[in-house]
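A.B. asks: My structure is stored as query-v3.txt, with compact mmCIF, C-alpha atoms and all ligand atoms.
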# COMPACT_ATOMS: atom_id res chain seq x y z
CA MET A 1 110.71 140.58 58.68
CA ASP A 2 111.17 143.57 60.99
CA LYS A 3 108.06 145.55 61.82
CA ARG A 4 108.17 149.26 61.10
CA LEU A 5 106.99 151.84 63.60
CA THR A 6 103.43 152.91 62.83
CA VAL A 7 101.70 156.24 63.37
CA ARG A 8 100.08 154.70 66.47
CA ASP A 9 103.54 153.88 67.90
CA ILE A 10 104.72 157.41 67.18
CA ARG A 11 101.68 159.07 68.78
CA LYS A 12 102.42 157.04 71.95
CA ARG A 13 105.88 158.59 72.10
CA LYS A 14 104.50 161.89 73.43
CA LEU A 15 106.82 162.44 76.40
CA MET A 16 104.85 162.13 79.62
CA ASP A 17 107.76 161.91 82.05
CA ASP A 18 111.57 161.71 82.25
CA THR A 19 111.64 157.92 81.93
CA GLN A 20 110.55 158.00 78.27
CA GLU A 21 113.00 158.34 75.39
CA PRO A 22 112.65 161.14 72.82
CA ILE A 23 111.91 160.10 69.22
CA VAL A 24 115.13 159.83 67.19
CA SER A 25 114.67 160.99 63.61
CA LEU A 26 116.92 161.74 60.67
CA VAL A 27 116.41 163.23 57.25
CA CYS A 28 117.80 160.79 54.69
CA TYR A 29 117.53 160.57 50.91
CA THR A 30 119.62 157.71 49.59
CA SER A 31 119.73 153.96 49.73
CA GLN A 32 123.34 153.98 50.94
CA MET A 33 122.69 156.27 53.94
CA ALA A 34 119.36 154.56 54.69
CA ARG A 35 121.12 151.19 55.10
CA LEU A 36 123.60 152.74 57.54
CA ILE A 37 120.97 154.34 59.75
CA ASN A 38 118.24 151.66 59.61
CA ASP A 39 119.00 150.22 63.07
CA HIS A 40 119.52 153.51 64.85
CA VAL A 41 116.49 155.73 64.27
CA ASP A 42 112.75 155.62 64.88
CA VAL A 43 111.70 157.84 61.99
CA ILE A 44 113.30 158.69 58.63
CA LEU A 45 112.08 161.75 56.78
CA VAL A 46 112.85 161.77 53.08
CA GLY A 47 113.02 165.56 53.11
CA ASP A 48 112.73 167.96 50.21
CA SER A 49 115.98 169.52 51.48
CA LEU A 50 117.42 166.98 49.01
CA GLY A 51 116.97 169.78 46.47
CA MET A 52 119.84 171.56 48.20
CA THR A 53 121.97 168.75 49.63
CA ILE A 54 121.78 166.29 46.71
CA TYR A 55 120.83 168.40 43.68
CA GLY A 56 122.66 171.64 44.46
CA TYR A 57 119.70 174.05 44.24
CA HIS A 58 119.73 177.15 46.47
CA ASN A 59 116.35 176.30 47.99
CA THR A 60 113.69 173.56 47.96
CA LEU A 61 111.31 175.15 45.43
CA SER A 62 112.59 173.23 42.39
CA VAL A 63 111.94 169.82 43.92
CA THR A 64 109.31 167.77 42.06
CA LEU A 65 106.94 164.97 43.03
CA ASP A 66 108.95 162.54 40.88
CA MET A 67 112.18 163.43 42.71
CA MET A 68 110.51 162.78 46.07
CA ILE A 69 109.04 159.50 44.82
CA ASN A 70 112.37 158.22 43.47
CA HIS A 71 114.24 159.02 46.69
CA GLY A 72 111.36 157.87 48.90
CA ALA A 73 111.19 154.50 47.17
CA ALA A 74 114.99 154.05 47.46
CA VAL A 75 114.88 154.73 51.21
CA VAL A 76 111.90 152.39 51.74
CA ARG A 77 113.66 149.59 49.78
CA SER A 78 116.79 149.97 51.90
CA THR A 79 115.22 149.94 55.38
CA THR A 80 113.17 147.59 57.51
CA LYS A 81 112.61 149.26 60.87
CA PRO A 82 112.02 153.02 60.88
CA HIS A 83 108.77 154.74 60.02
CA ILE A 84 109.29 156.47 56.65
CA VAL A 85 107.77 159.90 56.01
CA VAL A 86 108.10 161.52 52.57
CA ASP A 87 107.95 165.29 52.15
CA MET A 88 105.31 166.74 49.83
CA PRO A 89 107.18 169.15 47.54
CA PHE A 90 106.25 172.77 46.85
CA GLY A 91 103.24 173.02 44.52
CA SER A 92 101.97 169.48 45.12
CA TYR A 93 99.41 170.20 47.87
CA GLU A 94 98.66 173.91 48.33
CA GLU A 95 95.92 174.30 45.71
CA SER A 96 93.20 172.23 47.38
CA PRO A 97 92.65 169.26 49.70
CA GLN A 98 91.81 167.19 46.60
CA VAL A 99 95.12 168.02 44.90
CA ALA A 100 96.94 167.27 48.16
CA PHE A 101 95.19 163.89 48.44
CA LYS A 102 96.08 163.02 44.85
CA SER A 103 99.78 163.87 45.31
CA ALA A 104 100.03 162.15 48.69
CA SER A 105 98.32 158.97 47.50
CA LYS A 106 100.75 158.84 44.55
CA ILE A 107 103.69 159.21 46.95
CA MET A 108 102.40 156.47 49.23
CA ARG A 109 101.47 154.10 46.39
CA GLU A 110 104.74 154.50 44.50
CA THR A 111 107.18 154.60 47.45
CA GLY A 112 105.62 152.32 50.07
CA ALA A 113 106.19 155.06 52.69
CA GLN A 114 103.97 155.11 55.76
CA SER A 115 103.13 158.83 55.79
CA VAL A 116 103.73 162.24 54.22
CA LYS A 117 104.75 165.63 55.60
CA LEU A 118 103.57 169.05 54.51
CA GLU A 119 104.55 172.56 55.60
CA GLY A 120 101.90 174.88 57.03
CA GLY A 121 99.73 175.87 59.98
CA GLU A 122 96.08 176.76 60.45
CA GLU A 123 95.68 177.51 56.71
CA PHE A 124 96.25 173.79 56.01
CA ALA A 125 94.05 172.37 58.77
CA ASP A 126 91.24 171.60 56.28
CA THR A 127 93.69 169.87 53.94
CA ILE A 128 95.15 167.76 56.76
CA LYS A 129 91.64 166.80 57.93
CA PHE A 130 90.62 165.83 54.38
CA MET A 131 93.73 163.68 53.93
CA THR A 132 93.74 161.93 57.31
CA GLN A 133 90.02 161.13 57.07
CA ARG A 134 90.77 159.39 53.77
CA GLY A 135 93.71 157.27 54.91
CA ILE A 136 96.78 159.48 54.50
CA PRO A 137 98.75 159.95 57.75
CA VAL A 138 100.15 163.49 57.81
CA MET A 139 103.11 164.91 59.73
CA GLY A 140 102.89 168.71 60.05
CA HIS A 141 105.74 171.21 59.84
CA ILE A 142 105.60 174.67 61.43
CA GLY A 143 108.07 177.40 62.38
CA LEU A 144 110.64 177.97 59.67
CA MET A 145 109.04 176.58 56.52
CA PRO A 146 111.71 176.47 53.78
CA GLN A 147 109.06 176.30 51.02
CA ARG A 148 108.04 179.88 52.05
CA ILE A 149 111.59 181.18 51.45
CA GLN A 150 110.47 183.75 48.87
CA THR A 151 107.79 185.25 51.12
CA LEU A 152 110.02 185.09 54.22
CA GLY A 153 113.03 186.57 52.42
CA GLY A 154 115.50 184.12 53.99
CA PHE A 155 115.99 181.21 56.39
CA PHE A 156 115.24 183.05 59.65
CA THR A 157 114.30 181.93 63.17
CA GLN A 158 110.51 182.20 63.61
CA GLY A 159 108.32 183.04 66.62
CA LYS A 160 110.62 185.60 68.20
CA THR A 161 107.88 188.11 69.04
CA GLU A 162 104.85 187.51 71.26
CA LYS A 163 102.51 187.93 68.29
CA GLU A 164 104.44 185.40 66.20
CA SER A 165 104.71 182.92 69.04
CA ILE A 166 100.93 183.04 69.65
CA ARG A 167 100.37 182.44 65.94
CA LEU A 168 102.70 179.41 66.05
CA ILE A 169 100.93 177.92 69.07
CA ASN A 170 97.58 178.38 67.29
CA ASP A 171 99.01 176.76 64.15
CA ALA A 172 100.24 173.78 66.16
CA LYS A 173 96.84 173.33 67.84
CA ALA A 174 94.98 173.65 64.53
CA ILE A 175 97.00 171.00 62.69
CA SER A 176 97.00 168.65 65.67
CA GLU A 177 93.21 168.94 65.98
CA ALA A 178 92.91 168.41 62.21
CA GLY A 179 94.57 165.00 62.62
CA ALA A 180 98.33 165.42 62.09
CA PHE A 181 100.01 162.50 63.95
CA SER A 182 103.10 164.57 64.84
CA MET A 183 104.77 167.77 63.73
CA VAL A 184 108.21 169.13 62.95
CA VAL A 185 108.95 172.43 64.70
CA GLU A 186 111.82 174.17 62.97
CA ALA A 187 114.02 177.06 64.09
CA ILE A 188 111.95 178.56 66.89
CA PRO A 189 112.99 179.71 70.38
CA GLU A 190 113.08 176.93 72.96
CA GLU A 191 110.46 178.67 75.13
CA VAL A 192 107.99 178.76 72.24
CA ALA A 193 108.69 175.15 71.18
CA THR A 194 108.12 174.08 74.80
CA LYS A 195 104.75 175.87 74.92
CA ILE A 196 103.77 174.22 71.63
CA THR A 197 104.84 170.80 72.94
CA ASN A 198 102.72 171.33 76.05
CA SER A 199 99.73 172.56 74.02
CA VAL A 200 99.30 169.64 71.61
CA GLU A 201 98.50 165.98 72.13
CA VAL A 202 100.80 164.69 69.38
CA PRO A 203 104.61 164.51 69.50
CA THR A 204 106.65 167.51 68.40
CA ILE A 205 109.92 166.77 66.61
CA GLY A 206 112.38 169.62 66.90
CA ILE A 207 115.06 170.86 64.54
CA GLY A 208 116.28 173.99 66.21
CA GLY A 209 113.31 173.73 68.58
CA GLY A 210 115.32 173.22 71.77
CA ARG A 211 115.49 170.51 74.40
CA ASN A 212 111.87 169.94 75.36
CA CYS A 213 110.41 168.62 72.11
CA ASP A 214 109.18 165.00 72.11
CA GLY A 215 111.81 164.10 69.51
CA GLN A 216 114.72 165.52 67.53
CA ILE A 217 115.55 165.48 63.85
CA LEU A 218 118.71 166.44 61.95
CA VAL A 219 119.80 165.97 58.36
CA SER A 220 121.91 162.79 58.09
CA HIS A 221 124.32 164.59 55.73
CA ASP A 222 125.06 167.23 58.39
CA ILE A 223 125.99 164.82 61.20
CA PRO A 224 129.20 163.47 59.57
CA ASN A 225 129.74 166.81 57.74
CA LEU A 226 128.84 165.62 54.27
CA TYR A 227 127.26 168.93 53.27
CA GLY A 228 129.59 171.68 54.28
CA ASP A 229 128.11 174.69 52.45
CA PHE A 230 126.20 176.13 55.39
CA THR A 231 125.79 174.99 59.00
CA PRO A 232 122.76 176.27 60.92
CA LYS A 233 123.20 176.91 64.69
CA PHE A 234 121.05 173.89 65.61
CA VAL A 235 123.30 171.36 63.84
CA LYS A 236 125.85 169.35 65.81
CA LYS A 237 128.49 167.64 63.69
CA TYR A 238 129.59 164.30 65.08
CA GLY A 239 132.24 163.49 62.48
CA ASN A 240 134.08 164.80 59.48
CA ILE A 241 133.51 162.61 56.43
CA ASP A 242 134.14 165.57 54.12
CA GLU A 243 137.78 165.64 55.18
CA ASN A 244 138.18 161.84 54.78
CA ILE A 245 136.69 161.97 51.28
CA ILE A 246 138.92 164.84 50.22
CA THR A 247 142.03 163.07 51.61
CA ALA A 248 141.15 159.87 49.69
CA ILE A 249 140.38 161.73 46.44
CA LYS A 250 143.64 163.70 46.69
CA LYS A 251 145.61 160.44 47.12
CA TYR A 252 143.85 158.92 44.09
CA SER A 253 144.49 162.00 41.98
CA LYS A 254 148.18 162.09 42.97
CA GLU A 255 148.64 158.36 42.25
CA VAL A 256 147.02 158.60 38.80
CA ARG A 257 149.12 161.62 37.89
CA SER A 258 152.31 159.93 39.05
CA LYS A 259 151.29 156.59 37.44
CA LEU A 260 151.25 154.75 40.78
CA PHE A 261 147.64 153.64 40.13
CA PRO A 262 146.56 151.24 38.71
CA THR A 263 149.09 148.61 39.71
CA GLU A 264 149.30 144.98 38.62
CA LYS A 265 146.75 144.16 41.35
CA HIS A 266 144.03 146.20 39.62
CA ILE A 267 144.35 145.05 35.99
CA PHE A 268 142.86 142.26 33.85
CA THR A 269 145.06 140.11 31.59
CA ILE A 270 144.28 137.64 28.78
CA LYS A 271 144.85 133.92 29.31
CA LYS A 272 148.19 132.81 27.96
O1 LIG B 301 113.43 168.58 54.18
C1 LIG B 301 113.91 168.56 55.33
O2 LIG B 301 115.11 168.30 55.52
C2 LIG B 301 113.05 168.90 56.45
C3 LIG B 301 113.68 168.99 57.80
C4 LIG B 301 114.24 170.35 58.00
C5 LIG B 301 112.79 168.59 58.90
O3 LIG B 301 111.89 169.14 56.28
Show the structure stored in the file as structure tokens.
Ligand code: KIV

C.D. replies:
Amino acid sequence: MDKRLTVRDIRKRKLMDDTQEPIVSLVCYTSQMARLINDHVDVILVGDSLGMTIYGYHNTLSVTLDMMINHGAAVVRSTTKPHIVVDMPFGSYEESPQVAFKSASKIMRETGAQSVKLEGGEEFADTIKFMTQRGIPVMGHIGLMPQRIQTLGGFFTQGKTEKESIRLINDAKAISEAGAFSMVVEAIPEEVATKITNSVEVPTIGIGGGRNCDGQILVSHDIPNLYGDFTPKFVKKYGNIDENIITAIKKYSKEVRSKLFPTEKHIFTIKK
């Protein structure tokens, strides 16, 4: 059996010099995609962005613990190598460290994932400390936090002013000192992400955080263009599956309408 990367392995991936390789991570939600990416990534995040990409919501606020558990378990079952992190959905951890522990332990017990991720800075340092001291490895997430969409008023780049960038650096230090084993830094200027990376002892994983983070993460649906509704600036598309799917579906539709499908090859017959 392959051995999965542990939180210890990930902590060691803090980039010390140019000879080390950045952490390769992808957000992935389904068994099918998980099987395809198993051999090519260090970390898989079962992200609550599934609310938008898989379920068609306009934001991540409607995602439930059960949704995360179902998708988390599917991804764990379909992989052998990467470290699997499952996102804690909105409303499952904010109330108290005890509530956070209860939700996270349910996720870990019912999915088999190795860790959980939650969004938040200094205000969640106590929660992260409580969880890590009791056996739950926590990945942090600062910068653009999609679960704060209603207070932010939109998906905007964060940390663009000096005041905001100082707050972000303090957030990063607080959650790292509280015990987070790594952190996602989303949609912040490269200069700020670099300062954060240099200020904390744990790896930073950037999504729109520029070139100097200790790792990178993108949504696996975005890379082959499987989710075409909106493309943030930080996404690079490496293929165009959308187009291939549409071409195949159009051919099928045309053949059914013109009675070219099914043919004799695709039918069952009774024994003579
Ligand atoms: O849910 C998600 O896709 C995420 C990434 C943006 C890191 O949290």

A.B. asks: Residues at most 6 Å from ligand LIG 301 (chain B), using all atoms listed in the file? Could they come as a list in words?

C.D. replies: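 Counting all atoms listed in the file, the residues within 6 Å of ligand LIG 301 (chain B) come out as Val27, Gly47, Asp48, Ser49 and Val219 of chain A.
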
A.B. asks: Residues near Val43 (chain A), anyone? I mean within 7 Å using only C-alpha atoms, not counting same-chain ones fewer than 6 positions away, as a list in words.

C.D. replies: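 Selected residues are Val24, Ser25, Leu26, Pro82, His83 and Ile84 of chain A.
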
A.B. asks: Leaving out Thr157 (chain A) and any residue of its chain fewer than 5 positions from it, which residues lie within 8 Å of it when counting only C-alpha atoms, given as a compact mmCIF listing (two decimals) with C-alpha atoms, keeping the file's coordinate frame?

C.D. replies:
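Saved result, out-v7.txt, follows:
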# COMPACT_ATOMS: atom_id res chain seq x y z
CA GLY A 143 108.07 177.40 62.38
CA LEU A 144 110.64 177.97 59.67
CA ALA A 187 114.02 177.06 64.09
CA ILE A 188 111.95 178.56 66.89
CA PRO A 189 112.99 179.71 70.38

A.B. asks: Write out as a PDB file with C-alpha atoms, keeping the file's coordinate frame each polymer residue whose atoms come within 12 Å of Ile217 (chain A), counting all atoms listed in the file; drop sequence neighbours fewer than 5 positions from it.

C.D. replies:
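Written output follows (result-v2.pdb):
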ATOM      1  CA  PRO A  22     112.650 161.140  72.820  1.00  0.00           C
ATOM      2  CA  ILE A  23     111.910 160.100  69.220  1.00  0.00           C
ATOM      3  CA  VAL A  24     115.130 159.830  67.190  1.00  0.00           C
ATOM      4  CA  SER A  25     114.670 160.990  63.610  1.00  0.00           C
ATOM      5  CA  LEU A  26     116.920 161.740  60.670  1.00  0.00           C
ATOM      6  CA  VAL A  27     116.410 163.230  57.250  1.00  0.00           C
ATOM      7  CA  CYS A  28     117.800 160.790  54.690  1.00  0.00           C
ATOM      8  CA  VAL A  41     116.490 155.730  64.270  1.00  0.00           C
ATOM      9  CA  ASP A  42     112.750 155.620  64.880  1.00  0.00           C
ATOM     10  CA  VAL A  43     111.700 157.840  61.990  1.00  0.00           C
ATOM     11  CA  ILE A  44     113.300 158.690  58.630  1.00  0.00           C
ATOM     12  CA  LEU A  45     112.080 161.750  56.780  1.00  0.00           C
ATOM     13  CA  VAL A  46     112.850 161.770  53.080  1.00  0.00           C
ATOM     14  CA  GLY A  47     113.020 165.560  53.110  1.00  0.00           C
ATOM     15  CA  MET A 183     104.770 167.770  63.730  1.00  0.00           C
ATOM     16  CA  VAL A 184     108.210 169.130  62.950  1.00  0.00           C
ATOM     17  CA  VAL A 185     108.950 172.430  64.700  1.00  0.00           C
ATOM     18  CA  GLU A 186     111.820 174.170  62.970  1.00  0.00           C
ATOM     19  CA  ALA A 187     114.020 177.060  64.090  1.00  0.00           C
ATOM     20  CA  THR A 204     106.650 167.510  68.400  1.00  0.00           C
ATOM     21  CA  ILE A 205     109.920 166.770  66.610  1.00  0.00           C
ATOM     22  CA  GLY A 206     112.380 169.620  66.900  1.00  0.00           C
ATOM     23  CA  ILE A 207     115.060 170.860  64.540  1.00  0.00           C
ATOM     24  CA  GLY A 208     116.280 173.990  66.210  1.00  0.00           C
ATOM     25  CA  GLY A 209     113.310 173.730  68.580  1.00  0.00           C
ATOM     26  CA  GLY A 210     115.320 173.220  71.770  1.00  0.00           C
ATOM     27  CA  ARG A 211     115.490 170.510  74.400  1.00  0.00           C
ATOM     28  CA  ASP A 222     125.060 167.230  58.390  1.00  0.00           C
ATOM     29  CA  ILE A 223     125.990 164.820  61.200  1.00  0.00           C
ATOM     30  CA  PHE A 234     121.050 173.890  65.610  1.00  0.00           C
ATOM     31  CA  VAL A 235     123.300 171.360  63.840  1.00  0.00           C
ATOM     32  CA  LYS A 236     125.850 169.350  65.810  1.00  0.00           C
TER      33      LYS A 236
END

A.B. asks: Determine, counting only C-alpha atoms, every residue of protein, DNA or RNA that lies within 12 Å of (112.9, 163.7, 44.4) in the file coordinates, then give the result as a PDB file with C-alpha atoms, keeping the file's coordinate frame.

C.D. replies:
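File produced: out21.pdb:
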ATOM      1  CA  CYS A  28     117.800 160.790  54.690  1.00  0.00           C
ATOM      2  CA  TYR A  29     117.530 160.570  50.910  1.00  0.00           C
ATOM      3  CA  THR A  30     119.620 157.710  49.590  1.00  0.00           C
ATOM      4  CA  VAL A  46     112.850 161.770  53.080  1.00  0.00           C
ATOM      5  CA  GLY A  47     113.020 165.560  53.110  1.00  0.00           C
ATOM      6  CA  ASP A  48     112.730 167.960  50.210  1.00  0.00           C
ATOM      7  CA  SER A  49     115.980 169.520  51.480  1.00  0.00           C
ATOM      8  CA  LEU A  50     117.420 166.980  49.010  1.00  0.00           C
ATOM      9  CA  GLY A  51     116.970 169.780  46.470  1.00  0.00           C
ATOM     10  CA  MET A  52     119.840 171.560  48.200  1.00  0.00           C
ATOM     11  CA  THR A  53     121.970 168.750  49.630  1.00  0.00           C
ATOM     12  CA  ILE A  54     121.780 166.290  46.710  1.00  0.00           C
ATOM     13  CA  TYR A  55     120.830 168.400  43.680  1.00  0.00           C
ATOM     14  CA  THR A  60     113.690 173.560  47.960  1.00  0.00           C
ATOM     15  CA  LEU A  61     111.310 175.150  45.430  1.00  0.00           C
ATOM     16  CA  SER A  62     112.590 173.230  42.390  1.00  0.00           C
ATOM     17  CA  VAL A  63     111.940 169.820  43.920  1.00  0.00           C
ATOM     18  CA  THR A  64     109.310 167.770  42.060  1.00  0.00           C
ATOM     19  CA  LEU A  65     106.940 164.970  43.030  1.00  0.00           C
ATOM     20  CA  ASP A  66     108.950 162.540  40.880  1.00  0.00           C
ATOM     21  CA  MET A  67     112.180 163.430  42.710  1.00  0.00           C
ATOM     22  CA  MET A  68     110.510 162.780  46.070  1.00  0.00           C
ATOM     23  CA  ILE A  69     109.040 159.500  44.820  1.00  0.00           C
ATOM     24  CA  ASN A  70     112.370 158.220  43.470  1.00  0.00           C
ATOM     25  CA  HIS A  71     114.240 159.020  46.690  1.00  0.00           C
ATOM     26  CA  GLY A  72     111.360 157.870  48.900  1.00  0.00           C
ATOM     27  CA  ALA A  73     111.190 154.500  47.170  1.00  0.00           C
ATOM     28  CA  ALA A  74     114.990 154.050  47.460  1.00  0.00           C
ATOM     29  CA  VAL A  75     114.880 154.730  51.210  1.00  0.00           C
ATOM     30  CA  VAL A  86     108.100 161.520  52.570  1.00  0.00           C
ATOM     31  CA  ASP A  87     107.950 165.290  52.150  1.00  0.00           C
ATOM     32  CA  MET A  88     105.310 166.740  49.830  1.00  0.00           C
ATOM     33  CA  PRO A  89     107.180 169.150  47.540  1.00  0.00           C
ATOM     34  CA  PHE A  90     106.250 172.770  46.850  1.00  0.00           C
ATOM     35  CA  ILE A 107     103.690 159.210  46.950  1.00  0.00           C
ATOM     36  CA  THR A 111     107.180 154.600  47.450  1.00  0.00           C
TER      37      THR A 111
END

A.B. asks: Which residues of region 133-219 of chain A come within 8 Å of region 13-20 of chain A, and for each one, what is the closest pair of atoms and their distance in Å to one decimal, counting all atoms listed in the file, sorted by chain and residue number, as JSON lines?

C.D. replies:
{"residue": "A:Glu201", "atom": "CA", "partner": "A:Lys14", "partner_atom": "CA", "distance": 7.4}
{"residue": "A:Val202", "atom": "CA", "partner": "A:Lys14", "partner_atom": "CA", "distance": 6.2}
{"residue": "A:Pro203", "atom": "CA", "partner": "A:Lys14", "partner_atom": "CA", "distance": 4.7}
{"residue": "A:Thr204", "atom": "CA", "partner": "A:Lys14", "partner_atom": "CA", "distance": 7.8}
{"residue": "A:Asp214", "atom": "CA", "partner": "A:Leu15", "partner_atom": "CA", "distance": 5.5}

A.B. asks: Please produce a file of the residues just selected, as a PDB file, keeping the file's coordinate frame, where the atoms kept are C-alpha atoms.

C.D. replies:
ATOM      1  CA  GLU A 201      98.500 165.980  72.130  1.00  0.00           C
ATOM      2  CA  VAL A 202     100.800 164.690  69.380  1.00  0.00           C
ATOM      3  CA  PRO A 203     104.610 164.510  69.500  1.00  0.00           C
ATOM      4  CA  THR A 204     106.650 167.510  68.400  1.00  0.00           C
ATOM      5  CA  ASP A 214     109.180 165.000  72.110  1.00  0.00           C
TER       6      ASP A 214
END

A.B. asks: Rounded to one decimal in Å, what is the spacing between CA of Ile166 (chain A) and CA of Glu119 (chain A)?

C.D. replies: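 Atom-to-atom, CA of Ile166 (chain A) to CA of Glu119 (chain A), that is 17.9 Å.
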
A.B. asks: Nearest residue to Gln147 (chain A) out of A:His40, A:Arg35, A:His58, A:Arg134, using all atoms listed in the file?

C.D. replies: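 Among the listed residues, the smallest separation from Gln147 (chain A) belongs to A:His58.
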
A.B. asks: So what do you get for CA of Lys237 (chain A) versus CA of Glu21 (chain A), distance-wise?

C.D. replies: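 Answer for the CA of Lys237 (chain A) to CA of Glu21 (chain A) separation: 21.5 Å.
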
A.B. asks: Distance CA of Pro137 (chain A)-CA of Asp171 (chain A), one decimal place?

C.D. replies: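 Separating CA of Pro137 (chain A) from CA of Asp171 (chain A) is a distance of 18.0 Å.
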
A.B. asks: Using all atoms listed in the file, find the one residue out of A:Pro262, A:Gly112, A:Gly153, A:Gly159 that sits nearest to Val76 (chain A).

C.D. replies: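 Closest residue, counting all atoms listed in the file: A:Gly112.
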
A.B. asks: Write out as a ChimeraX atom specification the residues lying within 7 Å of Met139 (chain A), counting all atoms listed in the file and excluding same-chain residues fewer than 3 positions away.

C.D. replies: /A:116-118,180-183

A.B. asks: Using all atoms listed in the file, can you tell me which of A:Glu95, A:Glu177, A:Asp39, A:Glu110 comes closest to Ser78 (chain A)?

C.D. replies: A:Asp39

A.B. asks: Would you kindly place all heavy atoms on region 198-204 of chain A and return the model as a PDB file, in the frame of the given file?

C.D. replies:
ATOM      1  N   ASN A 198     103.676 171.514  74.953  1.00  0.00           N
ATOM      2  CA  ASN A 198     102.720 171.330  76.050  1.00  0.00           C
ATOM      3  C   ASN A 198     101.278 171.618  75.636  1.00  0.00           C
ATOM      4  O   ASN A 198     100.354 171.319  76.384  1.00  0.00           O
ATOM      5  CB  ASN A 198     103.099 172.252  77.223  1.00  0.00           C
ATOM      6  CG  ASN A 198     104.417 171.810  77.841  1.00  0.00           C
ATOM      7  OD1 ASN A 198     104.800 170.650  77.721  1.00  0.00           O
ATOM      8  ND2 ASN A 198     105.124 172.744  78.464  1.00  0.00           N
ATOM      9  N   SER A 199     101.093 172.203  74.440  1.00  0.00           N
ATOM     10  CA  SER A 199      99.730 172.560  74.020  1.00  0.00           C
ATOM     11  C   SER A 199      99.081 171.544  73.097  1.00  0.00           C
ATOM     12  O   SER A 199      97.914 171.657  72.780  1.00  0.00           O
ATOM     13  CB  SER A 199      99.712 173.888  73.259  1.00  0.00           C
ATOM     14  OG  SER A 199     100.413 174.864  73.913  1.00  0.00           O
ATOM     15  N   VAL A 200      99.883 170.593  72.575  1.00  0.00           N
ATOM     16  CA  VAL A 200      99.300 169.640  71.610  1.00  0.00           C
ATOM     17  C   VAL A 200      99.421 168.209  72.125  1.00  0.00           C
ATOM     18  O   VAL A 200     100.319 167.903  72.904  1.00  0.00           O
ATOM     19  CB  VAL A 200      99.966 169.755  70.207  1.00  0.00           C
ATOM     20  CG1 VAL A 200      99.693 171.114  69.589  1.00  0.00           C
ATOM     21  CG2 VAL A 200     101.462 169.468  70.268  1.00  0.00           C
ATOM     22  N   GLU A 201      98.507 167.361  71.636  1.00  0.00           N
ATOM     23  CA  GLU A 201      98.500 165.980  72.130  1.00  0.00           C
ATOM     24  C   GLU A 201      99.436 165.070  71.355  1.00  0.00           C
ATOM     25  O   GLU A 201      99.704 163.950  71.770  1.00  0.00           O
ATOM     26  CB  GLU A 201      97.076 165.429  72.055  1.00  0.00           C
ATOM     27  CG  GLU A 201      96.225 165.985  73.191  1.00  0.00           C
ATOM     28  CD  GLU A 201      94.810 165.502  73.168  1.00  0.00           C
ATOM     29  OE1 GLU A 201      94.486 164.617  72.359  1.00  0.00           O
ATOM     30  OE2 GLU A 201      94.028 166.030  73.978  1.00  0.00           O
ATOM     31  N   VAL A 202      99.930 165.554  70.197  1.00  0.00           N
ATOM     32  CA  VAL A 202     100.800 164.690  69.380  1.00  0.00           C
ATOM     33  C   VAL A 202     102.262 165.098  69.582  1.00  0.00           C
ATOM     34  O   VAL A 202     102.543 166.224  70.016  1.00  0.00           O
ATOM     35  CB  VAL A 202     100.420 164.767  67.883  1.00  0.00           C
ATOM     36  CG1 VAL A 202      99.016 164.247  67.665  1.00  0.00           C
ATOM     37  CG2 VAL A 202     100.573 166.182  67.337  1.00  0.00           C
ATOM     38  N   PRO A 203     103.193 164.183  69.286  1.00  0.00           N
ATOM     39  CA  PRO A 203     104.610 164.510  69.500  1.00  0.00           C
ATOM     40  C   PRO A 203     105.108 165.642  68.599  1.00  0.00           C
ATOM     41  O   PRO A 203     104.747 165.715  67.422  1.00  0.00           O
ATOM     42  CB  PRO A 203     105.342 163.213  69.165  1.00  0.00           C
ATOM     43  CG  PRO A 203     104.317 162.148  69.160  1.00  0.00           C
ATOM     44  CD  PRO A 203     103.016 162.794  68.832  1.00  0.00           C
ATOM     45  N   THR A 204     105.943 166.493  69.183  1.00  0.00           N
ATOM     46  CA  THR A 204     106.650 167.510  68.400  1.00  0.00           C
ATOM     47  C   THR A 204     108.068 166.983  68.159  1.00  0.00           C
ATOM     48  O   THR A 204     108.675 166.374  69.043  1.00  0.00           O
ATOM     49  CB  THR A 204     106.744 168.836  69.160  1.00  0.00           C
ATOM     50  OG1 THR A 204     107.351 168.593  70.435  1.00  0.00           O
ATOM     51  CG2 THR A 204     105.372 169.469  69.355  1.00  0.00           C
TER      52      THR A 204
END
